[in-house]
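A.B. asks: The structure file query-v1.cif (mmCIF, C-alpha atoms) is provided below.
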data_coords
loop_
_atom_site.label_atom_id
_atom_site.label_comp_id
_atom_site.auth_asym_id
_atom_site.auth_seq_id
_atom_site.Cartn_x
_atom_site.Cartn_y
_atom_site.Cartn_z
CA MET A 1189 0.00 0.00 0.00
CA ILE A 1190 0.99 3.65 -0.37
CA PRO A 1191 1.49 5.05 3.17
CA LEU A 1192 -0.97 7.73 4.21
CA LYS A 1193 0.75 11.09 4.31
CA THR A 1194 -1.86 13.75 5.00
CA LYS A 1195 -3.68 14.47 8.24
CA LEU A 1196 -6.97 14.38 6.33
CA GLU A 1197 -6.37 10.85 5.04
CA ILE A 1198 -5.49 9.64 8.52
CA LYS A 1199 -8.52 11.40 10.01
CA VAL A 1200 -10.88 9.83 7.47
CA ILE A 1201 -9.63 6.26 7.81
CA LYS A 1202 -9.58 6.63 11.59
CA GLU A 1203 -13.24 7.66 11.50
CA GLY A 1204 -14.05 4.75 9.19
CA GLY A 1205 -12.40 2.36 11.62
CA ARG A 1206 -14.36 3.79 14.53
CA ARG A 1207 -17.62 3.29 12.65
CA LEU A 1208 -16.68 -0.26 11.71
CA ALA A 1209 -15.95 -1.07 15.35
CA GLU A 1210 -19.44 0.17 16.22
CA VAL A 1211 -20.91 -2.09 13.54
CA MET A 1212 -19.00 -5.07 14.91
CA ARG A 1213 -20.01 -4.36 18.50
CA GLU A 1214 -23.69 -4.13 17.61
CA SER A 1215 -23.49 -7.14 15.28
CA LEU A 1216 -22.00 -9.36 17.99
CA ALA A 1217 -25.12 -8.67 20.05
CA GLU A 1218 -27.18 -10.25 17.25
CA VAL A 1219 -25.41 -13.61 17.61
CA LYS A 1220 -27.83 -15.95 19.39
CA PRO A 1221 -28.94 -19.57 19.09
CA GLY A 1222 -31.69 -19.85 16.49
CA ARG A 1223 -30.57 -16.80 14.52
CA ALA A 1224 -30.00 -17.47 10.81
CA LEU A 1225 -26.79 -16.27 9.20
CA PHE A 1226 -28.68 -14.28 6.58
CA GLN A 1227 -30.47 -12.41 9.37
CA ILE A 1228 -27.17 -11.42 10.97
CA ASN A 1229 -25.79 -10.33 7.59
CA GLN A 1230 -28.91 -8.24 6.94
CA LYS A 1231 -28.43 -6.48 10.27
CA ILE A 1232 -24.75 -5.88 9.49
CA GLU A 1233 -25.60 -4.24 6.18
CA GLU A 1234 -28.25 -2.07 7.84
CA LEU A 1235 -25.73 -0.93 10.44
CA ILE A 1236 -23.05 -0.12 7.86
CA LEU A 1237 -25.46 2.02 5.84
CA LYS A 1238 -26.86 3.68 8.97
CA LYS A 1239 -23.35 4.77 9.94
CA GLY A 1240 -22.72 6.37 6.56
CA GLY A 1241 -20.56 3.64 5.07
CA GLN A 1242 -20.82 1.05 2.34
CA PRO A 1243 -20.17 -2.70 2.67
CA SER A 1244 -16.62 -3.27 1.44
CA PHE A 1245 -17.23 -6.93 0.72
CA LYS A 1246 -20.05 -6.19 -1.74
CA MET A 1247 -17.41 -4.40 -3.83
CA VAL A 1248 -15.57 -7.71 -4.33
CA PRO A 1249 -16.54 -9.09 -7.78
CA ASN A 1250 -19.32 -11.71 -7.56
CA TYR A 1251 -19.63 -11.49 -3.77
CA HIS A 1252 -23.10 -10.25 -2.87
CA TRP A 1253 -23.08 -10.05 0.93
CA ALA A 1254 -22.03 -7.40 3.45
CA SER A 1255 -20.13 -9.88 5.63
CA CYS A 1256 -18.42 -13.24 5.69
CA LEU A 1257 -19.85 -15.49 8.42
CA ASN A 1258 -18.01 -18.71 9.15
CA VAL A 1259 -19.38 -21.41 11.45
CA ASN A 1260 -17.20 -23.97 13.30
CA GLN A 1261 -14.90 -25.44 10.61
CA GLY A 1262 -15.43 -22.43 8.33
CA VAL A 1263 -12.17 -20.48 8.04
CA VAL A 1264 -12.91 -17.49 5.77
CA HIS A 1265 -15.27 -16.22 3.06
CA GLY A 1266 -18.34 -17.92 4.50
CA ILE A 1267 -21.59 -17.02 2.73
CA PRO A 1268 -24.35 -15.92 5.15
CA GLY A 1269 -27.01 -18.46 4.20
CA ASP A 1270 -29.94 -20.21 5.88
CA TYR A 1271 -27.97 -22.00 8.60
CA ARG A 1272 -29.38 -21.28 12.08
CA LEU A 1273 -26.90 -21.00 14.91
CA LYS A 1274 -26.89 -23.60 17.66
CA GLU A 1275 -25.75 -23.42 21.28
CA ASN A 1276 -21.94 -23.83 21.46
CA ASP A 1277 -21.35 -23.15 17.76
CA PHE A 1278 -18.33 -21.00 16.97
CA LEU A 1279 -19.06 -18.08 14.66
CA SER A 1280 -16.54 -15.81 12.93
CA LEU A 1281 -17.79 -12.41 11.80
CA ASP A 1282 -15.66 -10.72 9.15
CA ILE A 1283 -16.80 -7.22 8.16
CA GLY A 1284 -15.38 -4.46 5.96
CA LEU A 1285 -16.57 -0.85 5.75
CA PHE A 1286 -15.87 1.69 3.00
CA PHE A 1287 -16.02 5.30 4.19
CA LYS A 1288 -15.10 8.41 2.18
CA GLY A 1289 -12.67 6.57 -0.08
CA PHE A 1290 -11.04 4.20 2.41
CA HIS A 1291 -11.69 0.63 3.56
CA THR A 1292 -11.23 -0.82 7.04
CA ASP A 1293 -11.57 -4.51 7.88
CA MET A 1294 -12.02 -6.51 11.10
CA SER A 1295 -12.99 -9.98 12.38
CA ARG A 1296 -13.98 -11.69 15.60
CA THR A 1297 -14.77 -15.29 16.52
CA ILE A 1298 -17.16 -15.98 19.39
CA LYS A 1299 -18.86 -18.96 20.98
CA VAL A 1300 -22.63 -18.95 20.58
CA SER A 1301 -24.25 -19.31 23.97
CA THR A 1302 -27.03 -18.06 26.22
CA GLY A 1303 -27.59 -17.49 29.91
CA LYS A 1304 -24.64 -17.48 32.27
CA ASN A 1305 -22.24 -18.58 29.52
CA LYS A 1306 -23.13 -15.74 27.13
CA GLY A 1307 -20.04 -13.96 25.86
CA GLN A 1308 -17.74 -16.41 27.62
CA SER A 1309 -14.56 -17.20 25.73
CA ASP A 1310 -12.55 -20.40 25.85
CA GLU A 1311 -8.86 -21.17 25.52
CA PHE A 1312 -8.99 -21.66 21.75
CA LEU A 1313 -10.38 -18.17 21.27
CA LYS A 1314 -8.07 -16.62 23.85
CA VAL A 1315 -5.10 -17.88 21.81
CA GLY A 1316 -6.31 -15.95 18.76
CA GLU A 1317 -6.84 -12.82 20.84
CA ARG A 1318 -3.32 -13.06 22.29
CA ALA A 1319 -1.76 -13.71 18.88
CA LEU A 1320 -3.44 -10.62 17.44
CA LYS A 1321 -2.34 -8.49 20.38
CA LYS A 1322 1.28 -9.65 20.01
CA ALA A 1323 1.27 -9.00 16.27
CA ILE A 1324 -0.12 -5.50 16.74
CA GLU A 1325 2.56 -4.73 19.34
CA ALA A 1326 5.19 -5.73 16.75
CA ALA A 1327 3.84 -3.31 14.11
CA ARG A 1328 6.49 -0.63 14.63
CA VAL A 1329 8.32 1.65 12.22
CA GLY A 1330 11.51 -0.11 11.16
CA HIS A 1331 10.19 -3.59 11.93
CA HIS A 1332 9.30 -6.01 9.16
CA VAL A 1333 6.11 -7.89 8.30
CA GLY A 1334 8.01 -10.97 9.45
CA HIS A 1335 7.98 -9.66 13.03
CA LEU A 1336 4.17 -9.75 12.93
CA SER A 1337 4.09 -13.21 11.34
CA GLN A 1338 6.57 -14.55 13.88
CA ALA A 1339 4.53 -13.17 16.78
CA MET A 1340 1.32 -14.80 15.53
CA GLU A 1341 2.96 -18.13 14.80
CA LYS A 1342 4.63 -18.31 18.21
CA GLU A 1343 1.39 -17.78 20.14
CA ILE A 1344 -0.59 -20.20 18.00
CA ARG A 1345 1.94 -23.03 18.00
CA LYS A 1346 2.80 -22.91 21.69
CA ALA A 1347 -0.89 -23.55 22.41
CA GLY A 1348 -0.82 -26.62 20.17
CA PHE A 1349 -2.81 -25.11 17.30
CA SER A 1350 -1.88 -24.43 13.65
CA PRO A 1351 -1.63 -21.17 11.69
CA ILE A 1352 -3.23 -21.32 8.27
CA GLU A 1353 -0.50 -21.33 5.63
CA VAL A 1354 -2.33 -20.29 2.45
CA LEU A 1355 -4.28 -17.24 3.70
CA THR A 1356 -2.92 -13.92 4.94
CA GLY A 1357 -3.73 -10.51 6.33
CA HIS A 1358 -3.04 -7.57 4.05
CA GLY A 1359 -2.57 -3.88 3.56
CA VAL A 1360 -5.82 -1.93 3.36
CA GLY A 1361 -6.79 1.57 2.27
CA LYS A 1362 -8.18 2.81 -1.03
CA LYS A 1363 -8.53 -0.86 -1.97
CA LEU A 1364 -9.79 -3.57 0.37
CA HIS A 1365 -6.81 -5.83 -0.32
CA GLU A 1366 -3.45 -4.17 -0.84
CA ALA A 1367 0.21 -5.08 -0.38
CA PRO A 1368 1.86 -6.30 1.71
CA PRO A 1369 0.49 -9.76 2.46
CA ILE A 1370 0.83 -10.58 6.18
CA PRO A 1371 1.13 -14.35 6.72
CA CYS A 1372 0.26 -15.95 10.06
CA LEU A 1373 3.62 -17.70 10.10
CA LEU A 1374 7.16 -16.75 9.16
CA TRP A 1375 8.45 -17.92 5.80
CA GLY A 1376 12.23 -17.46 5.47
CA SER A 1377 14.05 -14.67 7.27
CA ILE A 1378 12.42 -11.64 8.86
CA LYS A 1379 14.65 -9.25 6.91
CA SER A 1380 13.44 -10.72 3.61
CA THR A 1381 9.90 -9.49 4.37
CA PRO A 1382 8.62 -5.94 3.70
CA LYS A 1383 9.76 -3.18 6.05
CA LEU A 1384 7.11 -1.19 7.91
CA GLU A 1385 6.85 2.58 7.36
CA ALA A 1386 4.92 5.29 9.17
CA GLY A 1387 1.52 5.78 7.57
CA MET A 1388 1.06 2.17 6.49
CA VAL A 1389 -2.41 0.79 7.26
CA LEU A 1390 -2.59 -2.95 7.80
CA ALA A 1391 -5.37 -5.48 8.32
CA ILE A 1392 -3.57 -7.89 10.65
CA GLU A 1393 -5.45 -11.18 10.54
CA VAL A 1394 -4.90 -14.19 12.79
CA ILE A 1395 -6.21 -17.23 10.89
CA TYR A 1396 -5.70 -20.49 12.77
CA VAL A 1397 -7.19 -23.93 13.40
CA GLN A 1398 -7.30 -26.61 16.08
CA GLY A 1399 -5.95 -29.34 13.82
CA SER A 1400 -4.32 -29.57 10.40
CA PRO A 1401 -3.74 -26.31 8.50
CA GLU A 1402 -4.99 -27.97 5.30
CA VAL A 1403 -8.11 -26.28 3.90
CA VAL A 1404 -10.69 -27.06 1.23
CA LEU A 1405 -13.13 -25.00 -0.83
CA SER A 1406 -16.76 -25.85 -0.10
CA SER A 1407 -19.42 -26.51 -2.74
CA ASP A 1408 -20.59 -22.86 -2.64
CA ASN A 1409 -17.25 -21.90 -4.24
CA TRP A 1410 -16.60 -19.25 -1.59
CA THR A 1411 -16.37 -20.78 1.89
CA ILE A 1412 -12.93 -22.11 2.81
CA GLU A 1413 -13.10 -24.81 5.49
CA THR A 1414 -10.72 -26.99 7.46
CA ALA A 1415 -10.07 -30.26 5.63
CA ASP A 1416 -10.31 -32.27 8.87
CA GLY A 1417 -13.52 -30.61 10.10
CA GLN A 1418 -11.91 -29.14 13.23
CA LEU A 1419 -12.57 -25.62 14.52
CA ALA A 1420 -11.16 -22.47 12.95
CA GLY A 1421 -10.65 -19.04 14.49
CA LEU A 1422 -10.35 -15.56 12.99
CA PHE A 1423 -9.28 -12.32 14.70
CA GLU A 1424 -8.46 -9.15 12.77
CA GLU A 1425 -7.90 -5.45 13.35
CA THR A 1426 -7.06 -2.59 11.03
CA ILE A 1427 -4.11 -0.65 12.44
CA ALA A 1428 -1.97 2.31 11.39
CA VAL A 1429 1.79 2.18 11.75
CA GLN A 1430 3.08 5.41 13.28
CA ALA A 1431 5.91 6.77 15.41
CA GLY A 1432 5.70 4.91 18.70
CA LYS A 1433 3.10 2.23 19.25
CA PRO A 1434 0.60 1.43 16.47
CA LEU A 1435 -2.87 2.93 16.38
CA ILE A 1436 -5.73 0.40 16.39
CA LEU A 1437 -8.31 1.93 14.07
CA THR A 1438 -11.00 -0.68 14.74
CA ALA A 1439 -10.68 -1.02 18.52
CA LEU A 1440 -13.88 -2.28 20.15
CA ASN A 1441 -13.11 -0.71 23.53
#
In structure tokens, what does this structure look like?

C.D. replies:
Amino acid sequence: MIPLKTKLEIKVIKEGGRRLAEVMRESLAEVKPGRALFQINQKIEELILKKGGQPSFKMVPNYHWASCLNVNQGVVHGIPGDYRLKENDFLSLDIGLFFKGFHTDMSRTIKVSTGKNKGQSDEFLKVGERALKKAIEAARVGHHVGHLSQAMEKEIRKAGFSPIEVLTGHGVGKKLHEAPPIPCLLWGSIKSTPKLEAGMVLAIEVIYVQGSPEVVLSSDNWTIETADGQLAGLFEETIAVQAGKPLILTALN
């Protein structure tokens, strides 16, 4: 991506990220047993439009939904269809928002539950949260993409899980998917990966699974699933690299 240089560009994408975080927060409240995926997607699109944005994902050729919703073994690109959520399902919500010329992108995975267990995480999900936090902390001027990849891989593997090898995070800005790719594991040396500059905006994406990292394309030709049927997790923030610690543009809190 081309690093953002002007205060106006930074202000606009920061505001877009704030609005996307609001969409995610309100969308998570819609996740309940019995709720159909298409109903959640409909609510997500309503929220995006209400907040003055456009659904980034509907700008992807031949993709007609405002979100990607992945259940249990679904890794990414899940189509929000007729499936109705069940107690103890795992649901990943992946949402992008286009605002005044710039995209932001974020994801969360949660366990579907009611009553006293509502909103409760488990160790599998906590690993993804920690991996994302570590990767964001590594997003410093002068570091390399490989520092982020290494941080994610370390957290995922030490918990006994597997980073996905064929999918990555990415730069984000005027286009939804821009350079550089940000793998969830380190390939080669850190210094061989792109160097981070002030003004770069990155969608750091932790994509990981309980079992084998092998994935397959489902019959809908969009949803990518684990080949062994085990659980997948997805955690993503859009951040801006700047002097000092990075700025999380899509922070929920």

A.B. asks: Tell me which of A:Val1389, A:Ile1427, A:Val1300, A:Ile1228 sits closest to Glu1325 (chain A), counting all atoms listed in the file.

C.D. replies: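 Going through A:Val1389, A:Ile1427, A:Val1300, A:Ile1228 one by one, the smallest distance to Glu1325 (chain A) is for A:Ile1427.
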
A.B. asks: Against region 1241-1251 of chain A, which residues of region 1281-1324 of chain A fall within 10 Å? For each one I want the closest pair of atoms and the distance in Å (one decimal), counting all atoms listed in the file, rows by chain and increasing residue number, as JSON lines.

C.D. replies:
{"residue": "A:Asp1282", "atom": "CA", "partner": "A:Phe1245", "partner_atom": "CA", "distance": 9.4}
{"residue": "A:Ile1283", "atom": "CA", "partner": "A:Phe1245", "partner_atom": "CA", "distance": 7.5}
{"residue": "A:Gly1284", "atom": "CA", "partner": "A:Ser1244", "partner_atom": "CA", "distance": 4.8}
{"residue": "A:Leu1285", "atom": "CA", "partner": "A:Ser1244", "partner_atom": "CA", "distance": 4.9}
{"residue": "A:Phe1286", "atom": "CA", "partner": "A:Gln1242", "partner_atom": "CA", "distance": 5.0}
{"residue": "A:Phe1287", "atom": "CA", "partner": "A:Gly1241", "partner_atom": "CA", "distance": 4.9}
{"residue": "A:Lys1288", "atom": "CA", "partner": "A:Gly1241", "partner_atom": "CA", "distance": 7.8}
{"residue": "A:Gly1289", "atom": "CA", "partner": "A:Gly1241", "partner_atom": "CA", "distance": 9.9}
{"residue": "A:Phe1290", "atom": "CA", "partner": "A:Ser1244", "partner_atom": "CA", "distance": 9.4}
{"residue": "A:His1291", "atom": "CA", "partner": "A:Ser1244", "partner_atom": "CA", "distance": 6.6}
{"residue": "A:Thr1292", "atom": "CA", "partner": "A:Ser1244", "partner_atom": "CA", "distance": 8.1}
{"residue": "A:Asp1293", "atom": "CA", "partner": "A:Ser1244", "partner_atom": "CA", "distance": 8.3}

A.B. asks: Calculate how many Å separate CA of Glu1317 (chain A) from CA of Phe1423 (chain A), rounding to one decimal.

C.D. replies: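 Calculated distance between CA of Glu1317 (chain A) and CA of Phe1423 (chain A) is 6.6 Å.
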
A.B. asks: Identify all residues satisfying the PyMOL selection byres ((chain A and resi 1210) around 10) in the given file; provide them as number ranges by chain.

C.D. replies: A: 1204-1209, 1211-1215, 1235-1236, 1239, 1438-1441

A.B. asks: To one decimal place in Å, what is the distance between CA of Lys1199 (chain A) and CA of Lys1231 (chain A)?

C.D. replies: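 Between CA of Lys1199 (chain A) and CA of Lys1231 (chain A) the gap is 26.8 Å.
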
A.B. asks: Could you tell me how far CA of Ala1323 (chain A) lies from CA of Gly1399 (chain A), in Å and to one decimal?

C.D. replies: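 That distance, rounded to one decimal, is 21.7 Å.
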
A.B. asks: Rank A:Pro1191, A:Ile1267, A:Phe1226, A:Asp1310 by their smallest atom-to-atom distance to Leu1384 (chain A), using only C-alpha atoms, and report the top residue only.

C.D. replies: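 Ranked by minimum distance to Leu1384 (chain A), first place goes to A:Pro1191.
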
A.B. asks: Taking only C-alpha atoms into account, name the residue in A:Pro1221, A:Lys1321, A:Gln1398, A:His1265 that is nearest to Lys1299 (chain A).

C.D. replies: A:Pro1221

A.B. asks: Using all atoms listed in the file, which protein or nucleic acid residues come within 8 Å of Glu1233 (chain A)? Drop anything in the same chain fewer than 3 positions from it, and give the result as JSON, numbers by chain.

C.D. replies: {"A": [1229, 1230, 1236, 1237, 1243, 1254, 1255]}

A.B. asks: Between A:Thr1302, A:Ile1392, A:Asn1260, A:Leu1279, which one has atoms that come closest to Ala1319 (chain A), using only C-alpha atoms?

C.D. replies: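 When distances to Ala1319 (chain A) are compared using only C-alpha atoms, the smallest one comes from A:Ile1392.
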
A.B. asks: Find the residue from A:Lys1346, A:Arg1296, A:Asn1276, A:Glu1197 that sits nearest to Leu1216 (chain A); use only C-alpha atoms when measuring.

C.D. replies: A:Arg1296

A.B. asks: Considering all atoms listed in the file, can you say which of A:Lys1220, A:Leu1225, A:Val1264, A:Leu1422 comes closest to Leu1405 (chain A)?

C.D. replies: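 Of A:Lys1220, A:Leu1225, A:Val1264, A:Leu1422, the one nearest Leu1405 (chain A) is A:Val1264, counting all atoms listed in the file.
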
A.B. asks: So which residues fall inside 12 Å of (-13.9, -21.5, 17.5) if we count only C-alpha atoms? Mind giving them as a VMD selection string?

C.D. replies: chain A and resid 1258 to 1263 1276 to 1281 1296 to 1300 1308 to 1317 1349 1395 to 1399 1414 1417 to 1423

A.B. asks: Check what the PyMOL selection byres ((chain A and resi 1353-1360) around 9) selects in the file above and give those residues as a ChimeraX atom specification.

C.D. replies: /A:1189,1264,1290-1293,1350-1352,1361-1373,1388-1396,1401-1403,1424,1426

A.B. asks: Expand the PyMOL selection byres ((chain A and resi 1386) around 8) into the individual residues it matches in the shown file, reporting them as a PDB file with C-alpha atoms, in the coordinates of the input.

C.D. replies:
ATOM      1  CA  PRO A1191       1.490   5.050   3.170  1.00  0.00           C
ATOM      2  CA  VAL A1329       8.320   1.650  12.220  1.00  0.00           C
ATOM      3  CA  LEU A1384       7.110  -1.190   7.910  1.00  0.00           C
ATOM      4  CA  GLU A1385       6.850   2.580   7.360  1.00  0.00           C
ATOM      5  CA  GLY A1387       1.520   5.780   7.570  1.00  0.00           C
ATOM      6  CA  MET A1388       1.060   2.170   6.490  1.00  0.00           C
ATOM      7  CA  ALA A1428      -1.970   2.310  11.390  1.00  0.00           C
ATOM      8  CA  VAL A1429       1.790   2.180  11.750  1.00  0.00           C
ATOM      9  CA  GLN A1430       3.080   5.410  13.280  1.00  0.00           C
ATOM     10  CA  ALA A1431       5.910   6.770  15.410  1.00  0.00           C
TER      11      ALA A1431
END

A.B. asks: Can I get region 1395-1414 of chain A with N, CA and C atoms filled in, as a CSV table (one decimal), keeping the file's coordinate frame?

C.D. replies:
chain,number,residue,atom,x,y,z
A,1395,ILE,N,-5.4,-16.2,11.5
A,1395,ILE,CA,-6.2,-17.2,10.9
A,1395,ILE,C,-5.6,-18.6,11.3
A,1396,TYR,N,-6.3,-19.3,12.2
A,1396,TYR,CA,-5.7,-20.5,12.8
A,1396,TYR,C,-6.7,-21.6,13.0
A,1397,VAL,N,-6.3,-22.8,13.3
A,1397,VAL,CA,-7.2,-23.9,13.4
A,1397,VAL,C,-6.7,-24.8,14.5
A,1398,GLN,N,-7.6,-25.7,15.0
A,1398,GLN,CA,-7.3,-26.6,16.1
A,1398,GLN,C,-6.4,-27.7,15.6
A,1399,GLY,N,-6.6,-28.2,14.3
A,1399,GLY,CA,-6.0,-29.3,13.8
A,1399,GLY,C,-5.0,-29.0,12.7
A,1400,SER,N,-5.2,-29.7,11.6
A,1400,SER,CA,-4.3,-29.6,10.4
A,1400,SER,C,-4.6,-28.2,9.7
A,1401,PRO,N,-3.5,-27.6,9.2
A,1401,PRO,CA,-3.7,-26.3,8.5
A,1401,PRO,C,-4.3,-26.5,7.1
A,1402,GLU,N,-4.5,-27.7,6.6
A,1402,GLU,CA,-5.0,-28.0,5.3
A,1402,GLU,C,-6.4,-27.5,5.2
A,1403,VAL,N,-6.8,-26.8,4.1
A,1403,VAL,CA,-8.1,-26.3,3.9
A,1403,VAL,C,-8.7,-26.7,2.6
A,1404,VAL,N,-10.0,-26.7,2.5
A,1404,VAL,CA,-10.7,-27.1,1.2
A,1404,VAL,C,-11.7,-26.0,0.9
A,1405,LEU,N,-12.1,-25.9,-0.4
A,1405,LEU,CA,-13.1,-25.0,-0.8
A,1405,LEU,C,-14.5,-25.7,-0.8
A,1406,SER,N,-15.5,-25.2,-0.2
A,1406,SER,CA,-16.8,-25.8,-0.1
A,1406,SER,C,-17.5,-25.7,-1.4
A,1407,SER,N,-18.7,-26.4,-1.5
A,1407,SER,CA,-19.4,-26.5,-2.7
A,1407,SER,C,-20.0,-25.2,-3.2
A,1408,ASP,N,-20.1,-24.2,-2.2
A,1408,ASP,CA,-20.6,-22.9,-2.6
A,1408,ASP,C,-19.6,-22.0,-3.4
A,1409,ASN,N,-18.3,-22.6,-3.5
A,1409,ASN,CA,-17.2,-21.9,-4.2
A,1409,ASN,C,-16.8,-20.6,-3.6
A,1410,TRP,N,-17.1,-20.4,-2.3
A,1410,TRP,CA,-16.6,-19.2,-1.6
A,1410,TRP,C,-16.0,-19.7,-0.3
A,1411,THR,N,-16.8,-20.4,0.5
A,1411,THR,CA,-16.4,-20.8,1.9
A,1411,THR,C,-15.2,-21.7,1.9
A,1412,ILE,N,-14.1,-21.3,2.6
A,1412,ILE,CA,-12.9,-22.1,2.8
A,1412,ILE,C,-13.0,-22.7,4.2
A,1413,GLU,N,-12.9,-24.1,4.3
A,1413,GLU,CA,-13.1,-24.8,5.5
A,1413,GLU,C,-11.9,-25.6,5.8
A,1414,THR,N,-11.8,-26.1,7.1
A,1414,THR,CA,-10.7,-27.0,7.5
A,1414,THR,C,-11.0,-28.3,6.8
